[in-house]
Amino acid sequence: MTKSKHNNNNDKWKPVTLEGAFLSSSVGGLIGIEELTDYNLERNNKRDSIITTNVKSVKGKKKIIKDPCSSEWDVTDDTDVEPPAKKSKNKKIKTKSTKKKNEKTEKSTKSKTTDKETDSDTKDNLCLSTEDEVKSTEVNVGAWSSMGVPPVVIKALTDQNFHSPTVIQARTLPAAILGHRDILGAAETGSGKTLAFGIPIIKGILELKSQQMGTLVPKKSVKTSSKNKERNCHKKETGDNNFTKSDSEDDISKSQNCVRVVELDNCQHTPNKPLYALILAPTRELVVQIKQHLIQAAKYTDIKIATVFGGLAAVKQERILNRGPEIVIATPGRLWELIQQGNSHLSQVDSIRYLAIDETDRMLEKGHFQELHDILQKINANPMKLEKRKTFVFSATLTMVHDLPDYLERKKKRHVRSKIYKLTPGQKLQKIIHLLKIRNPKVVDLTKESGTADSLTECRIVCTIDHKDYYLYYFLKRHSGRTLVFCNSIGCVKRLATLLGILECKPLPLHANMQQRQRLKNLERFQADENGLLIATDVAARGLDIPNIEHVIHYQVPRTSESYVHRSGRTARAQKEGITVLMMEPSERENYSKLCRTLGRTQDLPTFPVVDRLLIAIKERVDIARDIDKLELKCRRENTQKSWLRKAIEDMDMAVDDDDVDIDESSTESEEAAALKRQLKAKKHQLQSLLTKVVFPRGFSGKYFDENFGTNIYPDTEKAVEVMRKVIEDVPDQKCSEGSRKRQRSQKPKTSKKLKKV
């Protein structure tokens with residue numbers, strides 16, 4: 001027999017007087033008691049069978065609130081908080097028919113499993129349920145737990161199919177969690193550095209929250225009071241005095257959540273919710289990505305995470321900060337702006353317990369992110385709070401040192417006693433340690449001299465500056481797949497986006513001058529399209545984890561080796577294959593040579609195979625697209641001039657009839673403008689007819705291919721990585737054959753001379 005008591009609006013709630021030693025006068029600052037409203041009651045009937053009564057509340061928990069500074073009580077409905085589900089017990093119900101018995105046992109087992117799943121989601125349960133333990137056998141739980149990772153985080157990692165820690169995680173997590181040390185980590189791109197500093201932060205916040213949580217009631221007092229309360233409730237509802245309840249330890253542990261005692265300091269207003277961790281990143285997109293990773297890792301906790309970055313309304317971000325998130329992920333510019341405006345939550349930034357800086361080498365470069373230095377100066381001002389803080393520093397190029405720029409080299413040569421010098425990797429790390437006031441660091445450097453992943457294939461295309469568009473369009477049409485093109489300037493991104501848009505390649509631009517919403521929208525579209533094309537500046541170079549990027553093309557040679565490593569790291573992530581193509585013109589030779597010296601390359605990058613005869617169709621299309629771009633630019637200029645003239649007439653309040661304006665405009669429109677429009681229309685029609693044809697016809701003969709290249713002409717038959725791998729494998733054979741030919745040539749004249757002597 002099951003009954004449920006519904007609370008009416010006319011019910012009057014009165015203060016509850018609880019007797020027991022735990023309410024002695026020694027406990028101060030009592031502000032509330034939570035009443036348990038959902039529970040199961042069991043009793044024995046005359047047939048010695050157990051009848052379970054499930055008591056639930058319709059409106060949720062009732063809280064009896066008392067202000068410690070006054071004698072008034074208040075009653076509120078806690079409808080926002082969902083009460084945790086209770087685990088059902090094994091019960092044996094005797095019935096006449098065996099079918100009903102089997103159905104009831106099946107229902108009880110189903111309810112037991114569902115209750116276990118829901119109960120494991122609560123913050124008080126830090127253990128994995130039985131079903132999750134069976135599921136997690138595929139994951140190396142022992143490897144995670146041996147490093148100090150809490151079970152709730154392991155459960156979230158299981159959902160993400162993170163079977164075992166990566167190398168950087170295995171080297172840093174034990175020292176960060178168990179050893180409580182600061183971490184300076186350097187590993188290749190896509191190696192899991194975000195979780196390497198995210199998991200210790202989540203673990204530390206869980207410990208801090210458990211320490212600051214109110215003291216729990218002793219077991220004995222809770223046991224007696226809760227059992228008496230349940231007996232009284234059941235007697236009132238069922239009228240049965242033969243009621244018994246199990247005294248298992250599990251029930252006692254669950255009953256501890258019935259009453260919570262919270263203390264206040266001197267009856268003062270509670271302060272703002274604490275800010276435990278601050279994570280800084282150089283770009284807005286990286287901030288959003290870090291938040292997504294941490295939300296997935298803290299899935300089964302109550303930790304709140306917020307982002308702060310430019311491009312969006314500051315009012316909305318302040319509203320989110322007022323909710324008191326424990327973790328704030330931000331870019332330095334907007335964060336320092338809100339700190340200066342006196343945001344109440346960010347005023348605790350000097351008391352944070354965890355500080356993480358992603359892509360640290362970029363953020364601490366001289367001349368970049370001046371706000372970061374102001375933030376560091378603020379949070380390092382108090383040495384007492386500095387001792388409690390843990391710092392995590394990560395980057396793929398943390399220990400990489402590139403050559404000095406040309407202007408610094410010239411300045412160094414002019415001054416004999418110049419203090420300009422090239423740092424060593426150790427000096428670079430020491431500088432970071434000094435700036436961040438790191439006291440107990442552990443340095444983990446897993447990077448190689450090349451700086452790139454083993455699964456990355458590197459190559460180059462040497463051409464003139466006018467032919468770069470041809471080779472880029474050739475690559476896009478020849479090899480399908482998700483492609484990311486990098487440029488050094490925003491103007492180059494805009495020009496390429498316009499040109500490839502005319503060629504119907506559907507490019508998506510990404511640069512700093514775009515609105516933040518449009519930037520995020522273009523990233524989402526790029527991730528959704530398996531053949532997407534993203535043209536970006538170095539805004540997208542660092543940290544972005546976009547899945548399944550097959551090609552990275554450097555349309556312009558990057559200025560530093562760090563940029564090359566981070567750009568190329570957008571592909572070949574998590575042991576997947578990828579290819580990076582460096583397009584180089586003669587004027588970029590110097591930057592290319594510096595890049596090779598920094599990365600320790602003694603030989604040039606191999607050349608990507610391109611069939612020159614197939615560029616004929618490519619060249620024709622690109623030239624027409626360039627002409628269309630120029631003609632459209634001229635038309636836009638003329639339209640702006642006309643609109644300027646009309647606006648000037650309106651500003652001067654000149655009384656001109658519309659008919660006269662139309663006559664004047666038609667008369668002023670020159671024949672050149674009409675010819676320009678006709679030419680533009682003809683060019684668009686010509687390009688449209690070309691785009692309907694196949695770029696690489698199937699009837700093309702393979703007898704006239706370039707030497708040493710047997711490239712298949714059919715589109716989408718071979719991946720670019722496979723084509724380049726064949727070329728790299730053929731290079732040693734070619735060198736060996738050339739060496740044997742040289743030896744044969746050197747031996748032939750000697751033998752001929754000997755024959756003559758004989």
# chains A, B, ... in the order shown; residues from 1 in each chain; ligands from 1

$ select_by_dssp --residues "stretch 470-650 of chain A" --states "strand (DSSP E)" --output "VMD selection string"
chain A and resid 483 to 486 507 to 510 533 to 536 551 to 554 578 to 584

$ write_last_selection --atoms "C-alpha atoms" --output "short mmCIF file (atom, residue, chain, number, x, y, z; two decimals), in the first residue's frame"
data_model
loop_
_atom_site.label_atom_id
_atom_site.label_comp_id
_atom_site.auth_asym_id
_atom_site.auth_seq_id
_atom_site.Cartn_x
_atom_site.Cartn_y
_atom_site.Cartn_z
CA THR A 483 41.51 22.37 -44.67
CA LEU A 484 42.85 25.27 -42.59
CA VAL A 485 44.74 28.05 -44.41
CA PHE A 486 46.88 30.47 -42.39
CA PRO A 507 35.57 29.79 -47.44
CA LEU A 508 35.06 30.84 -43.83
CA PRO A 509 37.24 33.76 -42.67
CA LEU A 510 38.50 34.15 -39.10
CA LEU A 533 37.68 25.55 -45.57
CA LEU A 534 38.79 28.03 -42.89
CA ILE A 535 41.06 30.97 -43.75
CA ALA A 536 42.50 32.49 -40.59
CA HIS A 551 45.40 19.77 -44.18
CA VAL A 552 47.12 22.87 -42.83
CA ILE A 553 48.42 25.27 -45.49
CA HIS A 554 50.76 28.14 -44.68
CA GLY A 578 47.88 15.08 -41.09
CA ILE A 579 49.84 17.14 -43.58
CA THR A 580 51.15 20.70 -43.48
CA VAL A 581 52.13 22.54 -46.67
CA LEU A 582 54.38 25.59 -46.59
CA MET A 583 53.95 27.88 -49.63
CA MET A 584 57.12 29.90 -50.12
#

$ select_by_dssp --residues "stretch 428-565 of chain A" --states "alpha helix (DSSP H)" --output "ChimeraX atom specification"
/A:428-436,468-478,490-502,516-528,561-565

$ atom_distance --atom1 "atom CA of A:Phe526" --atom2 "atom CA of A:Val328"
27.0 Å

$ atom_distance --atom1 "atom CA of A:Leu599" --atom2 "atom CA of A:Ser561"
7.2 Å

$ residues_around --residues "A:Arg589" --least-positions-apart "4" --cutoff "12 Å" --atoms "only C-alpha atoms" --output "PDB file with N, CA, C and O atoms, in the first residue's frame"
ATOM      1  N   VAL A 462      57.256  25.697 -53.662  1.00  0.00           N
ATOM      2  CA  VAL A 462      58.030  26.888 -54.023  1.00  0.00           C
ATOM      3  C   VAL A 462      57.431  27.471 -55.294  1.00  0.00           C
ATOM      4  O   VAL A 462      57.318  26.782 -56.322  1.00  0.00           O
ATOM      5  N   CYS A 463      57.028  28.742 -55.236  1.00  0.00           N
ATOM      6  CA  CYS A 463      56.401  29.392 -56.378  1.00  0.00           C
ATOM      7  C   CYS A 463      56.537  30.901 -56.228  1.00  0.00           C
ATOM      8  O   CYS A 463      57.014  31.393 -55.198  1.00  0.00           O
ATOM      9  N   THR A 464      56.125  31.612 -57.241  1.00  0.00           N
ATOM     10  CA  THR A 464      56.127  33.071 -57.162  1.00  0.00           C
ATOM     11  C   THR A 464      54.898  33.548 -56.408  1.00  0.00           C
ATOM     12  O   THR A 464      53.954  32.786 -56.171  1.00  0.00           O
ATOM     13  N   GLN A 556      51.438  31.976 -46.271  1.00  0.00           N
ATOM     14  CA  GLN A 556      52.626  32.809 -46.103  1.00  0.00           C
ATOM     15  C   GLN A 556      53.511  32.177 -45.043  1.00  0.00           C
ATOM     16  O   GLN A 556      53.014  31.609 -44.062  1.00  0.00           O
ATOM     17  N   VAL A 557      54.798  32.261 -45.214  1.00  0.00           N
ATOM     18  CA  VAL A 557      55.731  31.676 -44.252  1.00  0.00           C
ATOM     19  C   VAL A 557      55.580  32.397 -42.920  1.00  0.00           C
ATOM     20  O   VAL A 557      55.640  33.635 -42.861  1.00  0.00           O
ATOM     21  N   PRO A 558      55.355  31.675 -41.825  1.00  0.00           N
ATOM     22  CA  PRO A 558      55.193  32.340 -40.523  1.00  0.00           C
ATOM     23  C   PRO A 558      56.469  33.072 -40.112  1.00  0.00           C
ATOM     24  O   PRO A 558      57.573  32.705 -40.495  1.00  0.00           O
ATOM     25  N   ARG A 559      56.295  34.104 -39.315  1.00  0.00           N
ATOM     26  CA  ARG A 559      57.424  34.949 -38.925  1.00  0.00           C
ATOM     27  C   ARG A 559      58.300  34.291 -37.870  1.00  0.00           C
ATOM     28  O   ARG A 559      59.475  34.617 -37.758  1.00  0.00           O
ATOM     29  N   LEU A 582      53.824  24.248 -46.711  1.00  0.00           N
ATOM     30  CA  LEU A 582      54.379  25.594 -46.588  1.00  0.00           C
ATOM     31  C   LEU A 582      54.575  26.172 -47.980  1.00  0.00           C
ATOM     32  O   LEU A 582      55.387  25.664 -48.769  1.00  0.00           O
ATOM     33  N   MET A 583      53.835  27.223 -48.329  1.00  0.00           N
ATOM     34  CA  MET A 583      53.951  27.881 -49.626  1.00  0.00           C
ATOM     35  C   MET A 583      54.949  29.026 -49.501  1.00  0.00           C
ATOM     36  O   MET A 583      54.739  29.942 -48.694  1.00  0.00           O
ATOM     37  N   MET A 584      56.006  28.962 -50.286  1.00  0.00           N
ATOM     38  CA  MET A 584      57.120  29.896 -50.122  1.00  0.00           C
ATOM     39  C   MET A 584      57.440  30.578 -51.442  1.00  0.00           C
ATOM     40  O   MET A 584      57.565  29.931 -52.490  1.00  0.00           O
ATOM     41  N   GLU A 585      57.556  31.900 -51.377  1.00  0.00           N
ATOM     42  CA  GLU A 585      58.015  32.679 -52.523  1.00  0.00           C
ATOM     43  C   GLU A 585      59.472  33.087 -52.285  1.00  0.00           C
ATOM     44  O   GLU A 585      59.992  32.946 -51.168  1.00  0.00           O
ATOM     45  N   SER A 593      64.651  29.967 -43.839  1.00  0.00           N
ATOM     46  CA  SER A 593      65.939  29.478 -43.338  1.00  0.00           C
ATOM     47  C   SER A 593      66.033  29.615 -41.823  1.00  0.00           C
ATOM     48  O   SER A 593      66.572  28.736 -41.138  1.00  0.00           O
ATOM     49  N   LYS A 594      65.511  30.715 -41.257  1.00  0.00           N
ATOM     50  CA  LYS A 594      65.494  30.857 -39.795  1.00  0.00           C
ATOM     51  C   LYS A 594      64.633  29.781 -39.151  1.00  0.00           C
ATOM     52  O   LYS A 594      64.982  29.230 -38.099  1.00  0.00           O
ATOM     53  N   LEU A 595      63.520  29.491 -39.769  1.00  0.00           N
ATOM     54  CA  LEU A 595      62.635  28.453 -39.247  1.00  0.00           C
ATOM     55  C   LEU A 595      63.343  27.103 -39.213  1.00  0.00           C
ATOM     56  O   LEU A 595      63.254  26.366 -38.222  1.00  0.00           O
ATOM     57  N   CYS A 596      64.063  26.781 -40.264  1.00  0.00           N
ATOM     58  CA  CYS A 596      64.775  25.505 -40.321  1.00  0.00           C
ATOM     59  C   CYS A 596      65.886  25.445 -39.277  1.00  0.00           C
ATOM     60  O   CYS A 596      66.118  24.394 -38.658  1.00  0.00           O
ATOM     61  N   ASP A 604      66.158  20.695 -46.564  1.00  0.00           N
ATOM     62  CA  ASP A 604      64.918  21.372 -46.913  1.00  0.00           C
ATOM     63  C   ASP A 604      63.731  20.420 -46.782  1.00  0.00           C
ATOM     64  O   ASP A 604      63.873  19.192 -46.873  1.00  0.00           O
TER      65      ASP A 604
END

$ residues_around --residues "A:Leu631" --least-positions-apart "5" --cutoff "9 Å" --atoms "only C-alpha atoms" --output "list in words"
Arg626, Arg636, Leu676, Lys677, Gln679 and Leu680 of chain A

$ residues_around --residues "A:Asn440" --least-positions-apart "4" --cutoff "10 Å" --atoms "only C-alpha atoms" --output "PDB file with all heavy atoms, in the first residue's frame"
ATOM      1  N   HIS A 180      51.480  18.272  -4.650  1.00  0.00           N
ATOM      2  CA  HIS A 180      51.122  19.682  -4.446  1.00  0.00           C
ATOM      3  C   HIS A 180      52.225  20.610  -4.965  1.00  0.00           C
ATOM      4  O   HIS A 180      52.630  21.553  -4.290  1.00  0.00           O
ATOM      5  CB  HIS A 180      50.840  19.961  -2.976  1.00  0.00           C
ATOM      6  CG  HIS A 180      49.749  19.122  -2.399  1.00  0.00           C
ATOM      7  ND1 HIS A 180      48.414  19.346  -2.661  1.00  0.00           N
ATOM      8  CD2 HIS A 180      49.808  18.021  -1.594  1.00  0.00           C
ATOM      9  CE1 HIS A 180      47.681  18.436  -2.026  1.00  0.00           C
ATOM     10  NE2 HIS A 180      48.493  17.625  -1.382  1.00  0.00           N
ATOM     11  N   ARG A 181      52.688  20.346  -6.169  1.00  0.00           N
ATOM     12  CA  ARG A 181      53.768  21.136  -6.748  1.00  0.00           C
ATOM     13  C   ARG A 181      53.254  21.961  -7.919  1.00  0.00           C
ATOM     14  O   ARG A 181      52.244  21.631  -8.550  1.00  0.00           O
ATOM     15  CB  ARG A 181      54.917  20.230  -7.216  1.00  0.00           C
ATOM     16  CG  ARG A 181      55.544  19.397  -6.121  1.00  0.00           C
ATOM     17  CD  ARG A 181      56.729  18.611  -6.628  1.00  0.00           C
ATOM     18  NE  ARG A 181      57.804  19.482  -7.081  1.00  0.00           N
ATOM     19  CZ  ARG A 181      58.951  19.028  -7.603  1.00  0.00           C
ATOM     20  NH1 ARG A 181      59.147  17.724  -7.743  1.00  0.00           N
ATOM     21  NH2 ARG A 181      59.874  19.872  -7.987  1.00  0.00           N
ATOM     22  N   ASP A 182      53.976  23.040  -8.206  1.00  0.00           N
ATOM     23  CA  ASP A 182      53.693  23.829  -9.400  1.00  0.00           C
ATOM     24  C   ASP A 182      54.260  23.117 -10.621  1.00  0.00           C
ATOM     25  O   ASP A 182      55.312  22.463 -10.535  1.00  0.00           O
ATOM     26  CB  ASP A 182      54.307  25.224  -9.268  1.00  0.00           C
ATOM     27  CG  ASP A 182      53.771  25.966  -8.061  1.00  0.00           C
ATOM     28  OD1 ASP A 182      52.599  25.763  -7.727  1.00  0.00           O
ATOM     29  OD2 ASP A 182      54.529  26.735  -7.439  1.00  0.00           O
ATOM     30  N   ILE A 183      53.589  23.269 -11.759  1.00  0.00           N
ATOM     31  CA  ILE A 183      53.945  22.518 -12.957  1.00  0.00           C
ATOM     32  C   ILE A 183      54.284  23.475 -14.085  1.00  0.00           C
ATOM     33  O   ILE A 183      53.555  24.432 -14.339  1.00  0.00           O
ATOM     34  CB  ILE A 183      52.806  21.573 -13.385  1.00  0.00           C
ATOM     35  CG1 ILE A 183      52.441  20.611 -12.246  1.00  0.00           C
ATOM     36  CG2 ILE A 183      53.191  20.792 -14.627  1.00  0.00           C
ATOM     37  CD1 ILE A 183      53.545  19.675 -11.834  1.00  0.00           C
ATOM     38  N   LYS A 390      48.780  27.515  -6.160  1.00  0.00           N
ATOM     39  CA  LYS A 390      49.444  26.578  -7.057  1.00  0.00           C
ATOM     40  C   LYS A 390      49.334  27.108  -8.481  1.00  0.00           C
ATOM     41  O   LYS A 390      48.274  27.577  -8.892  1.00  0.00           O
ATOM     42  CB  LYS A 390      48.816  25.183  -6.967  1.00  0.00           C
ATOM     43  CG  LYS A 390      48.867  24.577  -5.575  1.00  0.00           C
ATOM     44  CD  LYS A 390      50.285  24.426  -5.097  1.00  0.00           C
ATOM     45  CE  LYS A 390      50.327  23.904  -3.664  1.00  0.00           C
ATOM     46  NZ  LYS A 390      51.716  23.902  -3.139  1.00  0.00           N
ATOM     47  N   THR A 391      50.442  27.023  -9.209  1.00  0.00           N
ATOM     48  CA  THR A 391      50.517  27.607 -10.552  1.00  0.00           C
ATOM     49  C   THR A 391      50.821  26.508 -11.558  1.00  0.00           C
ATOM     50  O   THR A 391      51.698  25.665 -11.326  1.00  0.00           O
ATOM     51  CB  THR A 391      51.601  28.694 -10.609  1.00  0.00           C
ATOM     52  OG1 THR A 391      51.358  29.649  -9.580  1.00  0.00           O
ATOM     53  CG2 THR A 391      51.586  29.390 -11.953  1.00  0.00           C
ATOM     54  N   ILE A 433      59.473  31.516 -14.324  1.00  0.00           N
ATOM     55  CA  ILE A 433      59.365  31.219 -12.892  1.00  0.00           C
ATOM     56  C   ILE A 433      59.457  32.502 -12.068  1.00  0.00           C
ATOM     57  O   ILE A 433      58.726  32.685 -11.081  1.00  0.00           O
ATOM     58  CB  ILE A 433      60.447  30.204 -12.480  1.00  0.00           C
ATOM     59  CG1 ILE A 433      60.162  28.845 -13.125  1.00  0.00           C
ATOM     60  CG2 ILE A 433      60.523  30.067 -10.969  1.00  0.00           C
ATOM     61  CD1 ILE A 433      61.264  27.837 -12.923  1.00  0.00           C
TER      62      ILE A 433
END

$ closest_atom_pairs --of "stretch 374-403 of chain A" --to "stretch 191-203 of chain A" --cutoff "10 Å" --atoms "only C-alpha atoms" --output "JSON lines"
{"residue": "A:Lys390", "atom": "CA", "partner": "A:Ile201", "partner_atom": "CA", "distance": 9.0}
{"residue": "A:Thr391", "atom": "CA", "partner": "A:Phe197", "partner_atom": "CA", "distance": 9.1}
{"residue": "A:Phe392", "atom": "CA", "partner": "A:Phe197", "partner_atom": "CA", "distance": 6.2}
{"residue": "A:Val393", "atom": "CA", "partner": "A:Phe197", "partner_atom": "CA", "distance": 8.2}
{"residue": "A:Phe394", "atom": "CA", "partner": "A:Lys193", "partner_atom": "CA", "distance": 6.9}
{"residue": "A:Ser395", "atom": "CA", "partner": "A:Lys193", "partner_atom": "CA", "distance": 8.0}
{"residue": "A:Ala396", "atom": "CA", "partner": "A:Lys193", "partner_atom": "CA", "distance": 8.9}

$ atom_distance --atom1 "atom CA of A:Lys316" --atom2 "atom CA of A:Glu359"
26.8 Å

$ residues_around --residues "A:Asp629" --least-positions-apart "6" --cutoff "9 Å" --atoms "only C-alpha atoms" --output "number ranges by chain"
A: 498-499, 502

$ write_last_selection --atoms "C-alpha atoms" --output "PDB file, in the first residue's frame"
ATOM      1  CA  THR A 498      36.694  36.939 -51.478  1.00  0.00           C
ATOM      2  CA  LEU A 499      38.626  35.184 -54.262  1.00  0.00           C
ATOM      3  CA  ILE A 502      33.926  33.739 -56.194  1.00  0.00           C
TER       4      ILE A 502
END

$ residues_around --residues "stretch 160-173 of chain A" --least-positions-apart "2" --cutoff "6 Å" --atoms "only C-alpha atoms" --output "PyMOL selection string"
chain A and resi 139-140+157-158+175-177+196

$ decode --residues "stretch 460-469 of chain A" --atoms "all heavy atoms" --output "PDB file, in the first residue's frame"
ATOM      1  N   ARG A 460      56.550  21.398 -48.741  1.00  0.00           N
ATOM      2  CA  ARG A 460      56.527  22.796 -49.167  1.00  0.00           C
ATOM      3  C   ARG A 460      56.227  22.874 -50.662  1.00  0.00           C
ATOM      4  O   ARG A 460      56.361  21.895 -51.404  1.00  0.00           O
ATOM      5  CB  ARG A 460      57.865  23.474 -48.882  1.00  0.00           C
ATOM      6  CG  ARG A 460      59.027  22.832 -49.605  1.00  0.00           C
ATOM      7  CD  ARG A 460      60.311  23.605 -49.449  1.00  0.00           C
ATOM      8  NE  ARG A 460      61.397  22.963 -50.179  1.00  0.00           N
ATOM      9  CZ  ARG A 460      62.458  23.592 -50.663  1.00  0.00           C
ATOM     10  NH1 ARG A 460      62.569  24.906 -50.507  1.00  0.00           N
ATOM     11  NH2 ARG A 460      63.405  22.942 -51.305  1.00  0.00           N
ATOM     12  N   ILE A 461      55.807  24.079 -51.069  1.00  0.00           N
ATOM     13  CA  ILE A 461      55.586  24.396 -52.479  1.00  0.00           C
ATOM     14  C   ILE A 461      56.306  25.711 -52.750  1.00  0.00           C
ATOM     15  O   ILE A 461      56.000  26.731 -52.127  1.00  0.00           O
ATOM     16  CB  ILE A 461      54.090  24.526 -52.810  1.00  0.00           C
ATOM     17  CG1 ILE A 461      53.384  23.181 -52.647  1.00  0.00           C
ATOM     18  CG2 ILE A 461      53.891  25.041 -54.231  1.00  0.00           C
ATOM     19  CD1 ILE A 461      51.881  23.243 -52.878  1.00  0.00           C
ATOM     20  N   VAL A 462      57.256  25.697 -53.662  1.00  0.00           N
ATOM     21  CA  VAL A 462      58.030  26.888 -54.023  1.00  0.00           C
ATOM     22  C   VAL A 462      57.431  27.471 -55.294  1.00  0.00           C
ATOM     23  O   VAL A 462      57.318  26.782 -56.322  1.00  0.00           O
ATOM     24  CB  VAL A 462      59.514  26.547 -54.226  1.00  0.00           C
ATOM     25  CG1 VAL A 462      60.309  27.805 -54.563  1.00  0.00           C
ATOM     26  CG2 VAL A 462      60.080  25.887 -52.972  1.00  0.00           C
ATOM     27  N   CYS A 463      57.028  28.742 -55.236  1.00  0.00           N
ATOM     28  CA  CYS A 463      56.401  29.392 -56.378  1.00  0.00           C
ATOM     29  C   CYS A 463      56.537  30.901 -56.228  1.00  0.00           C
ATOM     30  O   CYS A 463      57.014  31.393 -55.198  1.00  0.00           O
ATOM     31  CB  CYS A 463      54.922  28.999 -56.494  1.00  0.00           C
ATOM     32  SG  CYS A 463      53.946  29.428 -55.044  1.00  0.00           S
ATOM     33  N   THR A 464      56.125  31.612 -57.241  1.00  0.00           N
ATOM     34  CA  THR A 464      56.127  33.071 -57.162  1.00  0.00           C
ATOM     35  C   THR A 464      54.898  33.548 -56.408  1.00  0.00           C
ATOM     36  O   THR A 464      53.954  32.786 -56.171  1.00  0.00           O
ATOM     37  CB  THR A 464      56.147  33.682 -58.569  1.00  0.00           C
ATOM     38  OG1 THR A 464      54.966  33.271 -59.277  1.00  0.00           O
ATOM     39  CG2 THR A 464      57.382  33.224 -59.335  1.00  0.00           C
ATOM     40  N   ILE A 465      54.894  34.823 -56.062  1.00  0.00           N
ATOM     41  CA  ILE A 465      53.785  35.359 -55.278  1.00  0.00           C
ATOM     42  C   ILE A 465      52.483  35.388 -56.079  1.00  0.00           C
ATOM     43  O   ILE A 465      51.394  35.233 -55.519  1.00  0.00           O
ATOM     44  CB  ILE A 465      54.154  36.770 -54.755  1.00  0.00           C
ATOM     45  CG1 ILE A 465      53.074  37.264 -53.779  1.00  0.00           C
ATOM     46  CG2 ILE A 465      54.337  37.746 -55.918  1.00  0.00           C
ATOM     47  CD1 ILE A 465      53.449  38.545 -53.078  1.00  0.00           C
ATOM     48  N   ASP A 466      52.583  35.544 -57.409  1.00  0.00           N
ATOM     49  CA  ASP A 466      51.374  35.563 -58.240  1.00  0.00           C
ATOM     50  C   ASP A 466      50.784  34.175 -58.426  1.00  0.00           C
ATOM     51  O   ASP A 466      49.585  34.046 -58.710  1.00  0.00           O
ATOM     52  CB  ASP A 466      51.683  36.176 -59.609  1.00  0.00           C
ATOM     53  CG  ASP A 466      52.051  37.647 -59.503  1.00  0.00           C
ATOM     54  OD1 ASP A 466      51.591  38.293 -58.536  1.00  0.00           O
ATOM     55  OD2 ASP A 466      52.799  38.144 -60.367  1.00  0.00           O
ATOM     56  N   HIS A 467      51.617  33.151 -58.298  1.00  0.00           N
ATOM     57  CA  HIS A 467      51.159  31.782 -58.545  1.00  0.00           C
ATOM     58  C   HIS A 467      50.661  31.090 -57.282  1.00  0.00           C
ATOM     59  O   HIS A 467      50.238  29.931 -57.360  1.00  0.00           O
ATOM     60  CB  HIS A 467      52.281  30.964 -59.176  1.00  0.00           C
ATOM     61  CG  HIS A 467      52.580  31.365 -60.579  1.00  0.00           C
ATOM     62  ND1 HIS A 467      53.566  30.740 -61.329  1.00  0.00           N
ATOM     63  CD2 HIS A 467      52.047  32.322 -61.382  1.00  0.00           C
ATOM     64  CE1 HIS A 467      53.623  31.311 -62.530  1.00  0.00           C
ATOM     65  NE2 HIS A 467      52.700  32.271 -62.584  1.00  0.00           N
ATOM     66  N   LYS A 468      50.732  31.747 -56.140  1.00  0.00           N
ATOM     67  CA  LYS A 468      50.275  31.099 -54.915  1.00  0.00           C
ATOM     68  C   LYS A 468      48.789  30.767 -54.975  1.00  0.00           C
ATOM     69  O   LYS A 468      48.358  29.712 -54.492  1.00  0.00           O
ATOM     70  CB  LYS A 468      50.563  31.998 -53.703  1.00  0.00           C
ATOM     71  CG  LYS A 468      51.976  31.890 -53.170  1.00  0.00           C
ATOM     72  CD  LYS A 468      52.112  32.627 -51.845  1.00  0.00           C
ATOM     73  CE  LYS A 468      53.506  32.435 -51.261  1.00  0.00           C
ATOM     74  NZ  LYS A 468      53.642  33.069 -49.929  1.00  0.00           N
ATOM     75  N   ASP A 469      48.009  31.658 -55.565  1.00  0.00           N
ATOM     76  CA  ASP A 469      46.572  31.399 -55.681  1.00  0.00           C
ATOM     77  C   ASP A 469      46.301  30.181 -56.545  1.00  0.00           C
ATOM     78  O   ASP A 469      45.375  29.411 -56.263  1.00  0.00           O
ATOM     79  CB  ASP A 469      45.861  32.617 -56.264  1.00  0.00           C
ATOM     80  CG  ASP A 469      45.958  33.830 -55.357  1.00  0.00           C
ATOM     81  OD1 ASP A 469      46.183  33.648 -54.145  1.00  0.00           O
ATOM     82  OD2 ASP A 469      45.826  34.964 -55.868  1.00  0.00           O
TER      83      ASP A 469
END
